[in-house]
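Encoded as structure tokens, the structure appears first; notes follow it.
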Amino acid sequence: MERVLHTYYRSSSAYRVRIALNLKGLDARHIPIHLTRGGGEQFSAEYRRLNPLALVPVLTEGALQLSQSLAILEYLDERYPTPPLLPASIEGRAKARQLASTIACEIHPLNNLRVLKYLTDKLGLSEAAKLDWIAHWIRLGFEALEAELGTSTARGAFCVGDHPTIADCCLIPQLFNAQRFRIDLAPYPTLVGIQGNCEALPAFQAAHPARQADAE
Ligand SMILES: N[C@@H](CCC(=O)N[C@@H](CS)C(=O)NCC(=O)O)C(=O)O
């Protein structure tokens, strides 16, 4: 059964899925979808058949066609349980989901390409105002994550415990994104510590945007 990931090297949602696939030792053929070239390959009729929302990633496996990175992470975890991407306890699983949702629902969507394009192209915001917007939502989310993780008794080397979970799959791409926009990470020492632990692992290293075939 062929597994295919529609991805873009710099997409943090696709980066989440690449990390999860690597952690589980699963191969996937990558089909790059360039999000800006020619107005954006995600808007082609062919791609919209895979995801009518015109967003990456999409994972296909046999007859299954799946978008939404959090759903993909949970699917992979249920289909290929070892090693798990969720902690053993109910409380730990809930906490990992909460942290992943904080990133995937509260930070990332506000800074997505189509939102940023709307701000500049439709609402006429300047480039500087757009960068302020990006930094604002990242800082707001990171402050909350740092406040929680900095005092968490559930935290170990990773967001929840001593094994990477879906929370780490979401955190590392969001930190990459913050660094891309030159956001000072000094106020978030706990997040940076977790980042160091994750980036020591080959699964995270191989998923990095710079290591992708479509990297520019
Ligand atoms: N909630 C979705 C978000 C997917 C998403 O926003 N993908 C971005 C890249 S990270 C995208 O395809 N953007 C294209 C656009 O905005 O036109 C998920 O987690 O998969």
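Following the order of the structure tokens, first chain is A, next is B, and so on, with residues numbered from 1 inside each chain and ligands from 1 in the order they appear.
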
Check your understanding: Given a cut-off of 7 Å, what residues near ligand 1 show up using only C-alpha atoms and all ligand atoms, put as an NGL selection string?
Key -> :A and (11-14 or 35 or 40 or 42 or 54-57 or 67-70 or 104 or 109 or 112-115)

Atoms to include: all heavy atoms. Write the selected residues as a tab-separated table (two decimals), in the first residue's frame.
```tsv
chain	number	residue	atom	x	y	z
A	11	SER	N	6.06	24.41	5.17
A	11	SER	CA	4.75	24.34	5.84
A	11	SER	C	4.91	23.70	7.21
A	11	SER	O	5.39	22.57	7.32
A	11	SER	CB	3.79	23.49	5.00
A	11	SER	OG	2.83	22.89	5.85
A	12	SER	N	4.50	24.42	8.25
A	12	SER	CA	4.68	23.83	9.57
A	12	SER	C	3.70	22.68	9.80
A	12	SER	O	4.01	21.76	10.55
A	12	SER	CB	4.61	24.87	10.69
A	12	SER	OG	3.59	25.77	10.51
A	13	SER	N	2.55	22.70	9.14
A	13	SER	CA	1.61	21.58	9.30
A	13	SER	C	2.17	20.31	8.66
A	13	SER	O	2.03	19.21	9.21
A	13	SER	CB	0.26	21.92	8.68
A	13	SER	OG	-0.21	23.15	9.16
A	14	ALA	N	2.79	20.47	7.50
A	14	ALA	CA	3.41	19.30	6.85
A	14	ALA	C	4.62	18.81	7.65
A	14	ALA	O	4.86	17.60	7.76
A	14	ALA	CB	3.81	19.65	5.42
A	35	LEU	N	3.50	26.44	-2.51
A	35	LEU	CA	2.38	27.27	-2.03
A	35	LEU	C	2.35	28.68	-2.63
A	35	LEU	O	1.35	29.39	-2.48
A	35	LEU	CB	2.40	27.37	-0.50
A	35	LEU	CG	2.17	26.07	0.26
A	35	LEU	CD1	2.08	26.33	1.76
A	35	LEU	CD2	0.92	25.33	-0.22
A	40	GLY	N	0.17	29.55	-6.52
A	40	GLY	CA	-0.05	28.51	-5.50
A	40	GLY	C	-0.59	27.21	-6.08
A	40	GLY	O	-1.73	27.18	-6.57
A	42	GLN	N	-1.53	24.72	-4.56
A	42	GLN	CA	-2.62	24.16	-3.74
A	42	GLN	C	-3.99	24.48	-4.30
A	42	GLN	O	-4.98	23.87	-3.93
A	42	GLN	CB	-2.50	24.65	-2.28
A	42	GLN	CG	-2.79	26.11	-2.01
A	42	GLN	CD	-1.58	27.02	-2.23
A	42	GLN	OE1	-0.75	26.76	-3.07
A	42	GLN	NE2	-1.51	28.09	-1.47
A	54	ALA	N	-7.73	23.45	0.04
A	54	ALA	CA	-6.50	23.92	-0.62
A	54	ALA	C	-5.38	24.22	0.37
A	54	ALA	O	-4.76	25.28	0.32
A	54	ALA	CB	-6.80	25.13	-1.52
A	55	LEU	N	-5.17	23.29	1.28
A	55	LEU	CA	-4.08	23.43	2.27
A	55	LEU	C	-3.26	22.16	2.29
A	55	LEU	O	-3.80	21.06	2.08
A	55	LEU	CB	-4.67	23.67	3.66
A	55	LEU	CG	-5.52	24.92	3.88
A	55	LEU	CD1	-6.22	24.87	5.23
A	55	LEU	CD2	-4.68	26.18	3.77
A	56	VAL	N	-1.96	22.29	2.55
A	56	VAL	CA	-1.15	21.10	2.82
A	56	VAL	C	-1.05	20.95	4.34
A	56	VAL	O	-1.18	21.95	5.06
A	56	VAL	CB	0.27	21.22	2.19
A	56	VAL	CG1	0.19	21.23	0.69
A	56	VAL	CG2	1.05	22.41	2.71
A	57	PRO	N	-0.86	19.75	4.81
A	57	PRO	CA	-0.58	18.51	4.11
A	57	PRO	C	-1.84	17.71	3.79
A	57	PRO	O	-2.89	17.93	4.38
A	57	PRO	CB	0.25	17.73	5.14
A	57	PRO	CG	-0.38	18.13	6.46
A	57	PRO	CD	-0.77	19.57	6.29
A	67	SER	N	-6.65	15.03	5.27
A	67	SER	CA	-6.04	16.34	5.53
A	67	SER	C	-6.16	16.61	7.02
A	67	SER	O	-6.64	15.77	7.77
A	67	SER	CB	-6.73	17.43	4.70
A	67	SER	OG	-8.05	17.61	5.14
A	68	GLN	N	-5.73	17.79	7.44
A	68	GLN	CA	-5.68	18.21	8.85
A	68	GLN	C	-4.59	17.42	9.60
A	68	GLN	O	-4.77	16.25	9.96
A	68	GLN	CB	-7.03	18.08	9.56
A	68	GLN	CG	-8.06	19.07	9.06
A	68	GLN	CD	-7.65	20.53	9.28
A	68	GLN	OE1	-6.79	20.83	10.10
A	68	GLN	NE2	-8.26	21.42	8.54
A	69	SER	N	-3.50	18.13	9.85
A	69	SER	CA	-2.33	17.45	10.42
A	69	SER	C	-2.63	16.75	11.76
A	69	SER	O	-2.10	15.67	12.02
A	69	SER	CB	-1.16	18.42	10.57
A	69	SER	OG	-1.52	19.49	11.42
A	70	LEU	N	-3.47	17.36	12.61
A	70	LEU	CA	-3.73	16.69	13.90
A	70	LEU	C	-4.47	15.38	13.69
A	70	LEU	O	-4.20	14.38	14.37
A	70	LEU	CB	-4.53	17.61	14.84
A	70	LEU	CG	-3.82	18.85	15.37
A	70	LEU	CD1	-4.70	19.57	16.39
A	70	LEU	CD2	-2.48	18.51	15.99
A	104	ALA	N	-1.77	24.39	17.11
A	104	ALA	CA	-2.43	24.19	15.81
A	104	ALA	C	-3.70	25.01	15.65
A	104	ALA	O	-4.11	25.30	14.52
A	104	ALA	CB	-2.73	22.70	15.63
A	109	PRO	N	-3.08	29.12	12.75
A	109	PRO	CA	-4.04	29.57	11.72
A	109	PRO	C	-4.01	31.08	11.48
A	109	PRO	O	-4.25	31.54	10.37
A	109	PRO	CB	-5.40	29.14	12.29
A	109	PRO	CG	-5.10	28.09	13.29
A	109	PRO	CD	-3.75	28.43	13.86
A	112	ASN	N	-1.27	31.87	8.93
A	112	ASN	CA	-1.22	31.07	7.71
A	112	ASN	C	-1.12	31.99	6.49
A	112	ASN	O	-1.59	33.14	6.52
A	112	ASN	CB	-2.48	30.20	7.64
A	112	ASN	CG	-2.31	29.10	6.63
A	112	ASN	OD1	-1.23	28.90	6.07
A	112	ASN	ND2	-3.39	28.39	6.35
A	113	LEU	N	-0.53	31.47	5.43
A	113	LEU	CA	-0.27	32.26	4.23
A	113	LEU	C	-1.52	32.98	3.72
A	113	LEU	O	-1.49	34.18	3.41
A	113	LEU	CB	0.29	31.32	3.14
A	113	LEU	CG	0.59	31.93	1.79
A	113	LEU	CD1	1.67	32.99	1.90
A	113	LEU	CD2	1.01	30.84	0.80
A	114	ARG	N	-2.64	32.27	3.66
A	114	ARG	CA	-3.84	32.91	3.08
A	114	ARG	C	-4.37	34.03	3.96
A	114	ARG	O	-4.94	35.00	3.46
A	114	ARG	CB	-4.92	31.86	2.79
A	114	ARG	CG	-5.41	31.11	3.99
A	114	ARG	CD	-6.36	30.00	3.57
A	114	ARG	NE	-6.88	29.31	4.74
A	114	ARG	CZ	-7.87	28.44	4.69
A	114	ARG	NH1	-8.44	28.17	3.54
A	114	ARG	NH2	-8.28	27.83	5.77
A	115	VAL	N	-4.17	33.91	5.27
A	115	VAL	CA	-4.57	34.98	6.19
A	115	VAL	C	-3.66	36.19	5.99
A	115	VAL	O	-4.13	37.34	5.89
A	115	VAL	CB	-4.51	34.48	7.66
A	115	VAL	CG1	-4.72	35.63	8.64
A	115	VAL	CG2	-5.55	33.39	7.87
```

Check your understanding: Counting only C-alpha atoms, what is within 9 Å of Ala20 of chain A, bar same-chain residues fewer than 3 positions away, as a list in words?
Key -> Tyr15, Arg16, Val17, Leu23, Lys24, Gly25, Leu26, Leu73, Leu76, Asp77, Leu85, Thr165, Ile166, Cys169, Ala203, Phe204 and Ala207 of chain A

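Here atom CA of Ala206 of chain A stands at a distance of 7.8 Å from atom CA of Ile19 of chain A.
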
Exercise for review: Identify all residues of chain A in strand (DSSP E) (DSSP on the backbone) and supply them as a ChimeraX atom specification.
Suggested key: /A:3-7,29-32,58-61,64-67

Put those residues in a file: N, CA and C atoms, as a PDB file, in the first residue's frame.
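Just written: out21.pdb:
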```
ATOM      1  N   ARG A   3       2.070   4.982   0.443  1.00  0.00           N
ATOM      2  CA  ARG A   3       1.773   6.114   1.327  1.00  0.00           C
ATOM      3  C   ARG A   3       2.387   7.356   0.682  1.00  0.00           C
ATOM      4  N   VAL A   4       1.565   8.412   0.540  1.00  0.00           N
ATOM      5  CA  VAL A   4       2.031   9.631  -0.131  1.00  0.00           C
ATOM      6  C   VAL A   4       1.740  10.828   0.764  1.00  0.00           C
ATOM      7  N   LEU A   5       2.735  11.699   0.902  1.00  0.00           N
ATOM      8  CA  LEU A   5       2.527  12.938   1.652  1.00  0.00           C
ATOM      9  C   LEU A   5       2.650  14.110   0.691  1.00  0.00           C
ATOM     10  N   HIS A   6       1.568  14.877   0.600  1.00  0.00           N
ATOM     11  CA  HIS A   6       1.601  16.132  -0.141  1.00  0.00           C
ATOM     12  C   HIS A   6       2.102  17.183   0.835  1.00  0.00           C
ATOM     13  N   THR A   7       3.212  17.771   0.497  1.00  0.00           N
ATOM     14  CA  THR A   7       3.951  18.550   1.487  1.00  0.00           C
ATOM     15  C   THR A   7       4.530  19.799   0.853  1.00  0.00           C
ATOM     16  N   ARG A  29       6.139   8.635   0.071  1.00  0.00           N
ATOM     17  CA  ARG A  29       6.597   9.364  -1.124  1.00  0.00           C
ATOM     18  C   ARG A  29       6.112  10.803  -0.975  1.00  0.00           C
ATOM     19  N   HIS A  30       7.019  11.736  -1.174  1.00  0.00           N
ATOM     20  CA  HIS A  30       6.642  13.145  -1.010  1.00  0.00           C
ATOM     21  C   HIS A  30       6.260  13.741  -2.359  1.00  0.00           C
ATOM     22  N   ILE A  31       5.109  14.398  -2.392  1.00  0.00           N
ATOM     23  CA  ILE A  31       4.739  15.195  -3.566  1.00  0.00           C
ATOM     24  C   ILE A  31       4.731  16.651  -3.112  1.00  0.00           C
ATOM     25  N   PRO A  32       5.703  17.437  -3.600  1.00  0.00           N
ATOM     26  CA  PRO A  32       5.748  18.831  -3.169  1.00  0.00           C
ATOM     27  C   PRO A  32       4.647  19.659  -3.821  1.00  0.00           C
ATOM     28  N   VAL A  58      -1.646  16.757   2.852  1.00  0.00           N
ATOM     29  CA  VAL A  58      -2.605  15.662   2.679  1.00  0.00           C
ATOM     30  C   VAL A  58      -1.787  14.379   2.687  1.00  0.00           C
ATOM     31  N   LEU A  59      -2.260  13.416   3.464  1.00  0.00           N
ATOM     32  CA  LEU A  59      -1.632  12.091   3.468  1.00  0.00           C
ATOM     33  C   LEU A  59      -2.583  11.131   2.773  1.00  0.00           C
ATOM     34  N   THR A  60      -2.081  10.367   1.822  1.00  0.00           N
ATOM     35  CA  THR A  60      -2.910   9.307   1.259  1.00  0.00           C
ATOM     36  C   THR A  60      -2.240   7.978   1.559  1.00  0.00           C
ATOM     37  N   GLU A  61      -3.080   7.012   1.858  1.00  0.00           N
ATOM     38  CA  GLU A  61      -2.594   5.669   2.172  1.00  0.00           C
ATOM     39  C   GLU A  61      -3.668   4.726   1.652  1.00  0.00           C
ATOM     40  N   LEU A  64      -7.400   5.797   1.568  1.00  0.00           N
ATOM     41  CA  LEU A  64      -7.611   6.890   2.532  1.00  0.00           C
ATOM     42  C   LEU A  64      -6.932   8.173   2.068  1.00  0.00           C
ATOM     43  N   GLN A  65      -7.680   9.253   2.135  1.00  0.00           N
ATOM     44  CA  GLN A  65      -7.202  10.586   1.779  1.00  0.00           C
ATOM     45  C   GLN A  65      -7.459  11.468   2.987  1.00  0.00           C
ATOM     46  N   LEU A  66      -6.394  11.972   3.612  1.00  0.00           N
ATOM     47  CA  LEU A  66      -6.592  12.642   4.891  1.00  0.00           C
ATOM     48  C   LEU A  66      -5.881  13.993   4.923  1.00  0.00           C
ATOM     49  N   SER A  67      -6.650  15.032   5.272  1.00  0.00           N
ATOM     50  CA  SER A  67      -6.043  16.342   5.525  1.00  0.00           C
ATOM     51  C   SER A  67      -6.162  16.614   7.024  1.00  0.00           C
TER      52      SER A  67
END
```

Compile the contact shell of Ser101 of chain A as a compact mmCIF listing (two decimals) with all heavy atoms, in the first residue's frame: residues with an atom at most 10 Å away, counting only C-alpha atoms, same-chain residues fewer than 6 positions apart removed.
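For reference, around27.txt as written:
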```txt
# COMPACT_ATOMS: atom_id res chain seq x y z
N LEU A 70 -3.47 17.36 12.61
CA LEU A 70 -3.73 16.69 13.90
C LEU A 70 -4.47 15.38 13.69
O LEU A 70 -4.20 14.38 14.37
CB LEU A 70 -4.53 17.61 14.84
CG LEU A 70 -3.82 18.85 15.37
CD1 LEU A 70 -4.70 19.57 16.39
CD2 LEU A 70 -2.48 18.51 15.99
N LYS A 95 -3.30 16.13 27.98
CA LYS A 95 -2.38 17.26 28.06
C LYS A 95 -1.63 17.43 26.72
O LYS A 95 -1.48 18.55 26.22
CB LYS A 95 -1.40 17.03 29.22
CG LYS A 95 -0.53 18.19 29.58
CD LYS A 95 -1.27 19.50 29.72
CE LYS A 95 -2.04 19.63 31.01
NZ LYS A 95 -2.75 20.94 31.09
N ILE A 107 -2.32 29.47 17.45
CA ILE A 107 -1.19 30.24 16.91
C ILE A 107 -1.15 30.14 15.39
O ILE A 107 -1.27 31.14 14.68
CB ILE A 107 0.18 29.75 17.49
CG1 ILE A 107 0.18 29.76 19.01
CG2 ILE A 107 1.31 30.60 16.92
CD1 ILE A 107 1.47 29.21 19.64
N HIS A 108 -1.01 28.92 14.90
CA HIS A 108 -0.73 28.72 13.48
C HIS A 108 -1.76 29.31 12.52
O HIS A 108 -1.39 30.00 11.56
CB HIS A 108 -0.50 27.22 13.20
CG HIS A 108 -0.38 26.92 11.76
ND1 HIS A 108 -1.46 26.56 10.99
CD2 HIS A 108 0.67 26.99 10.93
CE1 HIS A 108 -1.06 26.40 9.75
NE2 HIS A 108 0.23 26.64 9.69
N ILE A 166 2.58 14.19 20.16
CA ILE A 166 2.02 15.10 19.15
C ILE A 166 2.29 16.57 19.53
O ILE A 166 2.37 17.42 18.65
CB ILE A 166 0.50 14.87 18.93
CG1 ILE A 166 -0.30 15.08 20.22
CG2 ILE A 166 0.25 13.49 18.37
CD1 ILE A 166 -1.81 15.09 19.98
N ALA A 167 2.44 16.85 20.82
CA ALA A 167 2.73 18.22 21.25
C ALA A 167 4.08 18.66 20.70
O ALA A 167 4.23 19.78 20.20
CB ALA A 167 2.70 18.32 22.77
N CYS A 170 4.10 19.39 17.03
CA CYS A 170 3.57 20.72 16.69
C CYS A 170 4.51 21.83 17.14
O CYS A 170 4.66 22.85 16.45
CB CYS A 170 2.20 20.92 17.35
SG CYS A 170 0.92 19.86 16.64
```

**Study point:** Residues flagged helix (DSSP H, G or I) by DSSP in segment 21-175 of chain A, as a ChimeraX atom specification
**Key:** /A:21-23,37-39,41-43,45-50,69-79,90-111,113-122,127-151,166-175

Exercise for review: Quick one: everything within 9 Å of Ala157 of chain A, counting only C-alpha atoms, minus sequence neighbours fewer than 4 positions away in the same chain. Send it as a list of chain:residue names.
Suggested key: A:Gly161, A:Asp162, A:His163, A:Pro164, A:Gly193, A:Ile194, A:Asn197, A:Cys198

Exercise for review: Determine, counting only C-alpha atoms, which protein, DNA and RNA residues have an atom within 12 Å of an atom of Thr151 of chain A; residues of the same chain fewer than 6 positions away are not included. Present the result as a PyMOL selection string.
Suggested key: chain A and resi 144-145+159-160+189-191

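Within the 10 Å cut-off around Arg10 of chain A, using only C-alpha atoms and omitting residues fewer than 3 positions from it on the same chain, the listed residues are Thr7, Ser13, Ala14, Tyr15, His34, Leu35, Pro173, Phe176, Asn177, Arg180, His208, Pro209, Ala210, Gln212, Asp214, Ala215 and Glu216 of chain A.
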
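Minimum atom-to-atom distances from A:Glu74, A:Ile172, A:Ser89, A:Thr82 to Gln205 of chain A were compared using only C-alpha atoms, and the lowest value belongs to A:Ile172.
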